[in-house]
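One file, protein.cif, is given below (mmCIF, C-alpha atoms (C1' of nucleotides)).
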```cif
data_data
#
loop_
_atom_site.group_PDB
_atom_site.id
_atom_site.type_symbol
_atom_site.label_atom_id
_atom_site.label_comp_id
_atom_site.auth_asym_id
_atom_site.auth_seq_id
_atom_site.Cartn_x
_atom_site.Cartn_y
_atom_site.Cartn_z
ATOM 1 C CA MET A 1 48.054 5.987 -13.060
ATOM 2 C CA SER A 2 45.778 4.848 -10.291
ATOM 3 C CA GLU A 3 45.284 8.074 -8.392
ATOM 4 C CA PRO A 4 43.325 6.996 -5.343
ATOM 5 C CA ALA A 5 40.786 9.760 -6.028
ATOM 6 C CA GLN A 6 39.643 11.636 -2.971
ATOM 7 C CA GLU A 7 36.086 10.574 -3.491
ATOM 8 C CA GLN A 8 36.919 6.904 -3.249
ATOM 9 C CA ILE A 9 38.643 7.387 0.061
ATOM 10 C CA ASP A 10 35.633 9.272 1.379
ATOM 11 C CA ARG A 11 33.441 6.363 0.396
ATOM 12 C CA VAL A 12 35.591 3.806 2.151
ATOM 13 C CA LEU A 13 35.660 5.917 5.270
ATOM 14 C CA ALA A 14 31.919 6.449 5.185
ATOM 15 C CA ALA A 15 31.380 2.715 4.833
ATOM 16 C CA LEU A 16 33.685 1.931 7.734
ATOM 17 C CA ALA A 17 32.315 4.664 9.955
ATOM 18 C CA ASP A 18 29.622 2.421 11.361
ATOM 19 C CA PRO A 19 30.949 0.075 14.070
ATOM 20 C CA THR A 20 28.738 -2.774 12.952
ATOM 21 C CA ARG A 21 30.121 -2.586 9.437
ATOM 22 C CA ARG A 22 33.660 -2.370 10.774
ATOM 23 C CA ARG A 23 33.035 -5.535 12.747
ATOM 24 C CA MET A 24 31.591 -7.192 9.665
ATOM 25 C CA VAL A 25 34.828 -6.512 7.858
ATOM 26 C CA ASP A 26 36.665 -8.083 10.769
ATOM 27 C CA LEU A 27 34.521 -11.176 10.470
ATOM 28 C CA LEU A 28 35.058 -11.394 6.746
ATOM 29 C CA ARG A 29 38.781 -11.453 7.367
ATOM 30 C CA GLU A 30 38.342 -15.052 8.439
ATOM 31 C CA GLY A 31 37.048 -15.816 4.998
ATOM 32 C CA PRO A 32 34.034 -15.230 2.754
ATOM 33 C CA MET A 33 30.704 -16.022 4.345
ATOM 34 C CA ARG A 34 26.995 -15.809 3.790
ATOM 35 C CA ALA A 35 24.688 -13.071 4.962
ATOM 36 C CA GLY A 36 23.221 -15.429 7.530
ATOM 37 C CA ASP A 37 26.593 -16.242 9.027
ATOM 38 C CA LEU A 38 27.228 -12.566 9.524
ATOM 39 C CA ALA A 39 23.751 -11.988 10.890
ATOM 40 C CA ALA A 40 24.340 -14.654 13.520
ATOM 41 C CA ALA A 41 27.168 -12.579 14.928
ATOM 42 C CA PHE A 42 24.984 -9.564 15.616
ATOM 43 C CA GLU A 43 21.860 -8.934 17.588
ATOM 44 C CA ILE A 44 20.281 -6.743 14.990
ATOM 45 C CA SER A 45 17.581 -7.981 12.668
ATOM 46 C CA GLY A 46 18.196 -9.646 9.336
ATOM 47 C CA PRO A 47 17.092 -6.659 7.274
ATOM 48 C CA ALA A 48 19.485 -4.434 9.211
ATOM 49 C CA VAL A 49 22.332 -6.780 8.357
ATOM 50 C CA SER A 50 21.242 -6.767 4.750
ATOM 51 C CA ARG A 51 21.315 -2.994 4.642
ATOM 52 C CA HIS A 52 24.831 -2.865 6.059
ATOM 53 C CA LEU A 53 25.958 -5.376 3.492
ATOM 54 C CA ARG A 54 24.387 -3.215 0.845
ATOM 55 C CA VAL A 55 26.409 -0.207 1.960
ATOM 56 C CA LEU A 56 29.598 -2.228 2.012
ATOM 57 C CA ARG A 57 28.812 -3.564 -1.433
ATOM 58 C CA GLU A 58 27.864 -0.212 -2.945
ATOM 59 C CA ASN A 59 31.135 1.224 -1.733
ATOM 60 C CA ALA A 60 33.028 -1.709 -3.173
ATOM 61 C CA LEU A 61 34.410 -2.996 0.114
ATOM 62 C CA ILE A 62 32.865 -6.383 -0.484
ATOM 63 C CA GLU A 63 31.517 -8.295 -3.443
ATOM 64 C CA GLU A 64 28.982 -11.038 -3.813
ATOM 65 C CA GLU A 65 30.421 -14.256 -5.085
ATOM 66 C CA GLU A 66 28.446 -17.244 -6.278
ATOM 67 C CA ALA A 67 31.372 -19.537 -5.731
ATOM 68 C CA GLY A 68 31.435 -22.838 -3.906
ATOM 69 C CA ASP A 69 33.275 -25.833 -5.212
ATOM 70 C CA ASP A 70 30.556 -28.385 -4.615
ATOM 71 C CA ARG A 71 27.519 -26.337 -3.644
ATOM 72 C CA ARG A 72 26.137 -23.166 -5.115
ATOM 73 C CA LEU A 73 26.110 -20.586 -2.347
ATOM 74 C CA ARG A 74 26.124 -16.806 -2.223
ATOM 75 C CA VAL A 75 28.991 -15.517 -0.133
ATOM 76 C CA TYR A 76 30.431 -12.097 0.518
ATOM 77 C CA ARG A 77 34.125 -11.526 0.112
ATOM 78 C CA LEU A 78 36.394 -8.617 0.973
ATOM 79 C CA ARG A 79 37.765 -6.570 -1.920
ATOM 80 C CA ALA A 80 41.317 -5.298 -1.725
ATOM 81 C CA ALA A 81 41.204 -2.029 -3.643
ATOM 82 C CA PRO A 82 39.329 0.248 -1.226
ATOM 83 C CA PHE A 83 41.478 -0.787 1.693
ATOM 84 C CA ALA A 84 44.607 -0.254 -0.364
ATOM 85 C CA ASP A 85 43.400 3.236 -1.256
ATOM 86 C CA LEU A 86 42.839 4.075 2.365
ATOM 87 C CA GLN A 87 46.236 2.720 3.276
ATOM 88 C CA ALA A 88 47.852 4.864 0.619
ATOM 89 C CA TRP A 89 46.147 7.952 1.991
ATOM 90 C CA LEU A 90 47.200 7.124 5.527
ATOM 91 C CA GLU A 91 50.773 6.823 4.420
ATOM 92 C CA GLU A 92 50.575 10.286 2.943
ATOM 93 C CA VAL A 93 49.251 11.564 6.222
ATOM 94 C CA ALA A 94 51.960 9.738 8.110
ATOM 95 C CA ALA A 95 54.525 11.619 6.055
ATOM 96 C CA PHE A 96 53.555 14.628 8.132
ATOM 97 C CA TRP A 97 55.397 13.327 11.152
ATOM 98 C CA THR A 98 58.549 12.455 9.303
ATOM 99 C CA SER A 99 58.705 15.981 7.956
ATOM 100 C CA GLN A 100 57.806 17.283 11.389
ATOM 101 C CA LEU A 101 60.689 15.329 12.802
ATOM 102 C CA THR A 102 62.974 16.937 10.271
ATOM 103 C CA ALA A 103 61.636 20.351 11.117
ATOM 104 C CA PHE A 104 62.053 19.655 14.787
ATOM 105 C CA LYS A 105 65.644 18.637 14.327
ATOM 106 C CA ALA A 106 66.367 21.769 12.374
ATOM 107 C CA HIS A 107 64.622 23.822 14.996
ATOM 108 C CA ALA A 108 66.544 22.165 17.812
ATOM 109 C CA GLU A 109 69.828 22.848 16.062
ATOM 110 C CA GLY A 110 68.864 26.447 15.588
ATOM 111 C CA LYS A 111 68.109 26.792 19.258
ATOM 112 C CA THR A 112 71.353 25.175 20.227
ATOM 113 C CA ARG A 113 73.250 27.619 18.083
ATOM 114 C CA LYS A 114 71.410 30.504 19.640
ATOM 115 C CA ARG A 115 72.297 29.295 23.084
ATOM 116 C CA LYS A 116 75.907 29.133 22.113
ATOM 117 C CA LYS A 117 75.662 32.755 21.123
ATOM 118 C CA LYS A 118 74.317 33.573 24.548
ATOM 119 C CA MET B 1 51.065 -3.669 25.277
ATOM 120 C CA SER B 2 49.361 -1.013 23.213
ATOM 121 C CA GLU B 3 46.328 -2.915 21.995
ATOM 122 C CA PRO B 4 44.715 -0.541 19.522
ATOM 123 C CA ALA B 5 41.333 -1.085 21.197
ATOM 124 C CA GLN B 6 38.448 -1.497 18.806
ATOM 125 C CA GLU B 7 36.701 1.510 20.199
ATOM 126 C CA GLN B 8 39.551 3.828 19.354
ATOM 127 C CA ILE B 9 39.527 2.714 15.758
ATOM 128 C CA ASP B 10 35.799 3.296 15.575
ATOM 129 C CA ARG B 11 36.333 6.816 16.823
ATOM 130 C CA VAL B 12 38.986 7.610 14.271
ATOM 131 C CA LEU B 13 36.816 6.272 11.502
ATOM 132 C CA ALA B 14 33.815 8.218 12.705
ATOM 133 C CA ALA B 15 35.875 11.390 12.799
ATOM 134 C CA LEU B 16 37.206 10.845 9.294
ATOM 135 C CA ALA B 17 33.857 9.834 7.863
ATOM 136 C CA ASP B 18 32.916 13.412 7.068
ATOM 137 C CA PRO B 19 34.575 14.655 3.864
ATOM 138 C CA THR B 20 35.102 18.125 5.260
ATOM 139 C CA ARG B 21 36.984 16.743 8.218
ATOM 140 C CA ARG B 22 39.011 14.474 5.970
ATOM 141 C CA ARG B 23 39.999 17.506 3.932
ATOM 142 C CA MET B 24 40.895 19.367 7.110
ATOM 143 C CA VAL B 25 43.316 16.609 7.966
ATOM 144 C CA ASP B 26 44.795 16.966 4.509
ATOM 145 C CA LEU B 27 45.289 20.662 5.068
ATOM 146 C CA LEU B 28 46.880 20.097 8.446
ATOM 147 C CA ARG B 29 49.411 17.852 6.778
ATOM 148 C CA GLU B 30 51.076 21.005 5.500
ATOM 149 C CA GLY B 31 51.608 22.054 9.070
ATOM 150 C CA PRO B 32 49.711 23.277 12.121
ATOM 151 C CA MET B 33 47.359 26.156 11.494
ATOM 152 C CA ARG B 34 44.702 28.255 13.159
ATOM 153 C CA ALA B 35 40.977 27.752 12.970
ATOM 154 C CA GLY B 36 40.673 30.745 10.693
ATOM 155 C CA ASP B 37 43.191 29.415 8.212
ATOM 156 C CA LEU B 38 41.191 26.237 7.948
ATOM 157 C CA ALA B 39 37.920 28.124 7.709
ATOM 158 C CA ALA B 40 39.273 30.094 4.750
ATOM 159 C CA ALA B 41 39.623 26.851 2.813
ATOM 160 C CA PHE B 42 35.943 25.999 3.088
ATOM 161 C CA GLU B 43 32.738 27.706 2.149
ATOM 162 C CA ILE B 44 30.925 26.734 5.289
ATOM 163 C CA SER B 45 30.423 29.148 8.160
ATOM 164 C CA GLY B 46 32.860 29.693 10.996
ATOM 165 C CA PRO B 47 30.788 27.861 13.577
ATOM 166 C CA ALA B 48 30.556 24.852 11.287
ATOM 167 C CA VAL B 49 34.327 24.762 11.045
ATOM 168 C CA SER B 50 34.564 25.067 14.791
ATOM 169 C CA ARG B 51 32.280 22.103 15.287
ATOM 170 C CA HIS B 52 34.318 19.956 12.940
ATOM 171 C CA LEU B 53 37.464 20.895 14.789
ATOM 172 C CA ARG B 54 35.733 19.951 17.996
ATOM 173 C CA VAL B 55 34.960 16.476 16.655
ATOM 174 C CA LEU B 56 38.513 16.017 15.480
ATOM 175 C CA ARG B 57 39.802 17.192 18.846
ATOM 176 C CA GLU B 58 37.426 15.038 20.917
ATOM 177 C CA ASN B 59 38.519 12.004 18.969
ATOM 178 C CA ALA B 60 42.153 12.906 19.479
ATOM 179 C CA LEU B 61 43.016 13.362 15.818
ATOM 180 C CA ILE B 62 44.214 16.876 16.479
ATOM 181 C CA GLU B 63 45.306 18.889 19.482
ATOM 182 C CA GLU B 64 45.332 22.564 20.267
ATOM 183 C CA GLU B 65 48.758 23.988 20.734
ATOM 184 C CA GLU B 66 49.596 27.405 22.121
ATOM 185 C CA ALA B 67 52.974 27.418 20.468
ATOM 186 C CA GLY B 68 54.560 30.112 18.371
ATOM 187 C CA ASP B 69 58.158 31.158 18.711
ATOM 188 C CA ASP B 70 57.595 34.893 18.725
ATOM 189 C CA ARG B 71 53.845 35.340 18.945
ATOM 190 C CA ARG B 72 51.288 33.585 21.065
ATOM 191 C CA LEU B 73 48.880 31.862 18.714
ATOM 192 C CA ARG B 74 46.456 28.951 18.978
ATOM 193 C CA VAL B 75 47.102 26.380 16.311
ATOM 194 C CA TYR B 76 45.789 22.912 15.630
ATOM 195 C CA ARG B 77 48.198 20.094 15.004
ATOM 196 C CA LEU B 78 47.758 16.514 13.838
ATOM 197 C CA ARG B 79 48.293 13.781 16.417
ATOM 198 C CA ALA B 80 49.977 10.580 15.330
ATOM 199 C CA ALA B 81 48.384 7.937 17.550
ATOM 200 C CA PRO B 82 44.911 7.617 16.023
ATOM 201 C CA PHE B 83 46.280 7.359 12.523
ATOM 202 C CA ALA B 84 48.773 4.757 13.637
ATOM 203 C CA ASP B 85 45.962 2.749 15.210
ATOM 204 C CA LEU B 86 43.982 2.845 12.008
ATOM 205 C CA GLN B 87 47.031 1.849 10.012
ATOM 206 C CA ALA B 88 47.597 -1.105 12.311
ATOM 207 C CA TRP B 89 44.031 -2.264 11.830
ATOM 208 C CA LEU B 90 44.291 -1.906 8.061
ATOM 209 C CA GLU B 91 47.381 -4.053 8.063
ATOM 210 C CA GLU B 92 45.485 -6.755 9.894
ATOM 211 C CA VAL B 93 42.769 -6.541 7.287
ATOM 212 C CA ALA B 94 45.326 -6.663 4.513
ATOM 213 C CA ALA B 95 46.590 -9.927 5.946
ATOM 214 C CA PHE B 96 43.402 -11.409 4.567
ATOM 215 C CA TRP B 97 44.699 -11.238 1.022
ATOM 216 C CA THR B 98 48.058 -12.732 1.806
ATOM 217 C CA SER B 99 46.334 -15.689 3.399
ATOM 218 C CA GLN B 100 43.894 -15.766 0.508
ATOM 219 C CA LEU B 101 46.827 -15.881 -1.840
ATOM 220 C CA THR B 102 48.219 -18.809 0.095
ATOM 221 C CA ALA B 103 44.875 -20.530 0.001
ATOM 222 C CA PHE B 104 44.599 -19.879 -3.693
ATOM 223 C CA LYS B 105 48.000 -21.340 -4.344
ATOM 224 C CA ALA B 106 47.094 -24.420 -2.338
ATOM 225 C CA HIS B 107 43.833 -24.650 -4.196
ATOM 226 C CA ALA B 108 45.506 -24.291 -7.564
ATOM 227 C CA GLU B 109 47.958 -27.013 -6.728
ATOM 228 C CA GLY B 110 45.142 -29.230 -5.647
ATOM 229 C CA LYS B 111 43.339 -28.632 -8.901
ATOM 230 C CA THR B 112 46.452 -29.329 -10.896
ATOM 231 C CA ARG B 113 46.886 -32.596 -9.126
ATOM 232 C CA LYS B 114 43.296 -33.496 -9.814
ATOM 233 C CA ARG B 115 43.747 -32.750 -13.463
ATOM 234 C CA LYS B 116 46.754 -34.967 -13.550
ATOM 235 C CA LYS B 117 44.576 -37.704 -12.183
ATOM 236 C CA LYS B 118 42.157 -37.133 -14.990
ATOM 237 C "C1'" DC C 1 42.577 48.975 29.367
ATOM 238 C "C1'" DT C 2 39.471 49.351 25.521
ATOM 239 C "C1'" DA C 3 38.110 48.405 20.983
ATOM 240 C "C1'" DA C 4 38.257 45.190 17.166
ATOM 241 C "C1'" DT C 5 38.630 40.512 15.597
ATOM 242 C "C1'" DA C 6 38.479 35.639 15.972
ATOM 243 C "C1'" DT C 7 36.540 31.543 17.860
ATOM 244 C "C1'" DT C 8 33.424 28.907 20.341
ATOM 245 C "C1'" DT C 9 28.814 27.860 22.310
ATOM 246 C "C1'" DA C 10 23.569 27.977 22.090
ATOM 247 C "C1'" DA C 11 19.318 27.318 19.806
ATOM 248 C "C1'" DT C 12 17.126 25.663 15.855
ATOM 249 C "C1'" DC C 13 16.202 23.223 11.513
ATOM 250 C "C1'" DA C 14 16.646 20.030 7.537
ATOM 251 C "C1'" DA C 15 18.676 15.979 5.944
ATOM 252 C "C1'" DT C 16 20.657 11.542 6.744
ATOM 253 C "C1'" DA C 17 21.311 7.180 8.897
ATOM 254 C "C1'" DC C 18 20.029 3.163 11.357
ATOM 255 C "C1'" DG C 19 16.688 0.260 13.335
ATOM 256 C "C1'" DT C 20 12.157 -2.315 13.226
ATOM 257 C "C1'" DT C 21 8.138 -5.101 11.171
ATOM 258 C "C1'" DA C 22 5.677 -6.663 7.077
ATOM 259 C "C1'" DA C 23 5.822 -8.033 2.301
ATOM 260 C "C1'" DA C 24 8.233 -9.607 -1.766
ATOM 261 C "C1'" DT C 25 11.688 -12.304 -3.882
ATOM 262 C "C1'" DA C 26 15.253 -15.380 -4.295
ATOM 263 C "C1'" DT C 27 17.509 -19.699 -2.842
ATOM 264 C "C1'" DA C 28 17.665 -24.386 -1.001
ATOM 265 C "C1'" DT C 29 15.576 -28.935 0.178
ATOM 266 C "C1'" DC C 30 12.493 -32.872 -0.216
ATOM 267 C "C1'" DG D 1 8.317 -28.609 -8.971
ATOM 268 C "C1'" DA D 2 6.327 -27.523 -4.374
ATOM 269 C "C1'" DT D 3 7.439 -26.186 0.146
ATOM 270 C "C1'" DA D 4 10.485 -24.325 3.554
ATOM 271 C "C1'" DT D 5 14.201 -21.138 4.458
ATOM 272 C "C1'" DA D 6 17.034 -17.250 3.655
ATOM 273 C "C1'" DT D 7 17.667 -12.654 1.988
ATOM 274 C "C1'" DT D 8 16.393 -8.412 0.209
ATOM 275 C "C1'" DT D 9 13.177 -4.538 -0.497
ATOM 276 C "C1'" DA D 10 9.377 -1.374 1.261
ATOM 277 C "C1'" DA D 11 7.418 1.604 4.523
ATOM 278 C "C1'" DC D 12 7.959 3.910 8.489
ATOM 279 C "C1'" DG D 13 9.695 6.010 13.086
ATOM 280 C "C1'" DT D 14 13.482 7.808 15.893
ATOM 281 C "C1'" DA D 15 17.968 9.569 16.682
ATOM 282 C "C1'" DT D 16 22.079 11.628 15.117
ATOM 283 C "C1'" DT D 17 24.575 14.817 12.202
ATOM 284 C "C1'" DG D 18 25.776 18.879 9.882
ATOM 285 C "C1'" DA D 19 24.483 23.564 8.632
ATOM 286 C "C1'" DT D 20 22.937 28.347 9.876
ATOM 287 C "C1'" DT D 21 22.228 32.698 12.651
ATOM 288 C "C1'" DA D 22 22.608 35.003 17.059
ATOM 289 C "C1'" DA D 23 24.930 35.447 21.453
ATOM 290 C "C1'" DA D 24 28.847 34.708 24.449
ATOM 291 C "C1'" DT D 25 33.691 34.390 25.161
ATOM 292 C "C1'" DA D 26 38.342 34.542 24.137
ATOM 293 C "C1'" DT D 27 42.216 36.653 21.846
ATOM 294 C "C1'" DT D 28 44.806 40.365 19.393
ATOM 295 C "C1'" DA D 29 45.856 45.164 18.584
ATOM 296 C "C1'" DG D 30 45.944 50.180 19.548
#
```
Kindly transcribe the structure held in the file into structure tokens.
Amino acid sequence: MSEPAQEQIDRVLAALADPTRRRMVDLLREGPMRAGDLAAAFEISGPAVSRHLRVLRENALIEEEEAGDDRRLRVYRLRAAPFADLQAWLEEVAAFWTSQLTAFKAHAEGKTRKRKKK
Amino acid sequence: MSEPAQEQIDRVLAALADPTRRRMVDLLREGPMRAGDLAAAFEISGPAVSRHLRVLRENALIEEEEAGDDRRLRVYRLRAAPFADLQAWLEEVAAFWTSQLTAFKAHAEGKTRKRKKK
DNA sequence: CTAATATTTAATCAATACGTTAAATATATC
DNA sequence: GATATATTTAACGTATTGATTAAATATTAG
């Protein structure tokens, strides 16, 4: 059904490759916030922050939300899907070591047997 | 004890940001292989492959191994640590949605109560 | 050990990415 | 609704990245 699609994973990784954007994601973990709130956390200019947000948005890592119970304010919120895709890929990669472990065990047994022969 | 260290995560992400390198990791999941084997899978030149391997190696995603039961051959093998670090970070990020879910539930209950008032 | 092959390093180039300031546009406040 | 503030877009410069070809250095085979 929902094949992660290689391309999607590449996009998430590209978006997270920049340390500033990675830190922005960390900040957004505390909850949705406005562009200005994020900007306050960095020493770069406003436009630079805006551009990073654009990249995160274009790659679907965040979305703009015009929520706000009482007031109408634009906030950015983390989106789950891209992170889930990346997690799924990482689990596939992690499978390498389980199989390696199996191979190692088989190999070790083989060696043991050989030694017995000796 | 083993604090993932932000910097390490940034390095892993930077290394995986390039699609070719991401694909190389995918290939290495099938098992350790030589530079040439990897090169055969791509249309780019040998030196380009070599540079990508260098980046992966410098960021500790792979390591050179001079193993080989019968023959002496240089192969590249995936290293677990960087991927584990990234996984750990992703889990922290994922915690956002669990807490969001909690918040949402609380919010929904609040709304329900309000409606009752109405 | 020498020749053949494979891999890495060097030098160079084009494309991309990130930052800045200035201008435009959208949003918020009185 | 007019003014002040916040945010994005435009234009531009610099630095980094990824690719290529040529040269150097392993590594494998005879």
>> as JSON, numbers by chain, please: the residues near region 18-24 of chain D (cut-off 12 Å, all atoms listed in the file, same-chain neighbours under 2 positions excluded).
In response: {"B": [18, 19, 20, 21, 43, 44, 45, 46, 47, 48, 49, 50, 51, 52, 55], "C": [7, 8, 9, 10, 11, 12, 13, 14, 15, 16], "D": [16, 26]}
Could you write out as a PDB file with C-alpha atoms (C1' of nucleotides), keeping the file's coordinate frame the residues of chain C within 8 Å of chain A, counting all atoms listed in the file?
```pdb
ATOM      1  C1'  DC C  18      20.029   3.163  11.357  1.00  0.00           C
ATOM      2  C1'  DG C  19      16.688   0.260  13.335  1.00  0.00           C
ATOM      3  C1'  DT C  20      12.157  -2.315  13.226  1.00  0.00           C
TER       4       DT C  20
END
```
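Counting from CA of Ala81 (chain B), the distance to CA of Ala60 (chain B) is 8.2 Å.
As for CA of Pro82 (chain A) and CA of Asn59 (chain A), they are spaced 8.3 Å apart.
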> the PyMOL selection byres ((chain A and resi 95) around 12) on the file shown: which residues, as number ranges by chain?
Replying inline: A: 88-94, 96-102; B: 26, 28-31, 78, 80, 83-84
>> Using only C-alpha atoms (C1' of nucleotides) and a cut-off of 9 Å, which residues of chain D sit close to chain A? Please list them as a list in words.
In response: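 Listed by rising number, the hits are DA6, DT7, DT8 and DT9 of chain D.
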> What separation in Å, quoted to one decimal, exists between CA of Asp37 (chain A) and C1' of DT27 (chain C)?
Replying inline: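 Interatomic distance, CA of Asp37 (chain A) to C1' of DT27 (chain C): 15.3 Å.
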>> Let me make sure I understand: among B:Ala41, B:Arg34, B:Glu64, B:Asp85, which one has the smallest atom-to-atom distance to Glu7 (chain B) if we use all atoms listed in the file?
In response: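 Result for the nearest residue to Glu7 (chain B): B:Asp85.
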>> Which residues would end up in the selection if the PyMOL selection byres ((chain A and resi 17) around 6) were applied here, given that I need the answer as an MDAnalysis selection string?
In response: (chainID A and resid 13:16 18) or (chainID B and resid 13:14 17)
>> From the options B:Ala40, B:Met24, B:Leu56, B:Leu86, which residue's atoms come nearest to chain A, counting only C-alpha atoms?
In response: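 Nearest candidate to chain A out of B:Ala40, B:Met24, B:Leu56, B:Leu86: B:Leu86.
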> When the PyMOL selection byres ((chain C and resi 4) around 8) is applied to the file above, which residues end up in the set, as an MDAnalysis selection string?
Replying inline: (chainID C and resid 3 5) or (chainID D and resid 29)
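Nearest residue to Glu63 (chain B), choosing from B:Leu27, B:Ala39, B:Ile9, B:Met33 and counting all atoms listed in the file: B:Met33.
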>> Considering only C-alpha atoms, can you say which of B:Leu53, B:Val75, B:Gln87, B:Glu66 comes closest to chain A?
In response: B:Gln87
>> Restricting the calculation to only C-alpha atoms: of A:Leu38, A:Ala5, A:Arg57, A:Arg79, which residue gets closest to chain B?
In response: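 The shortest atom-to-atom distance to chain B comes from A:Arg79.
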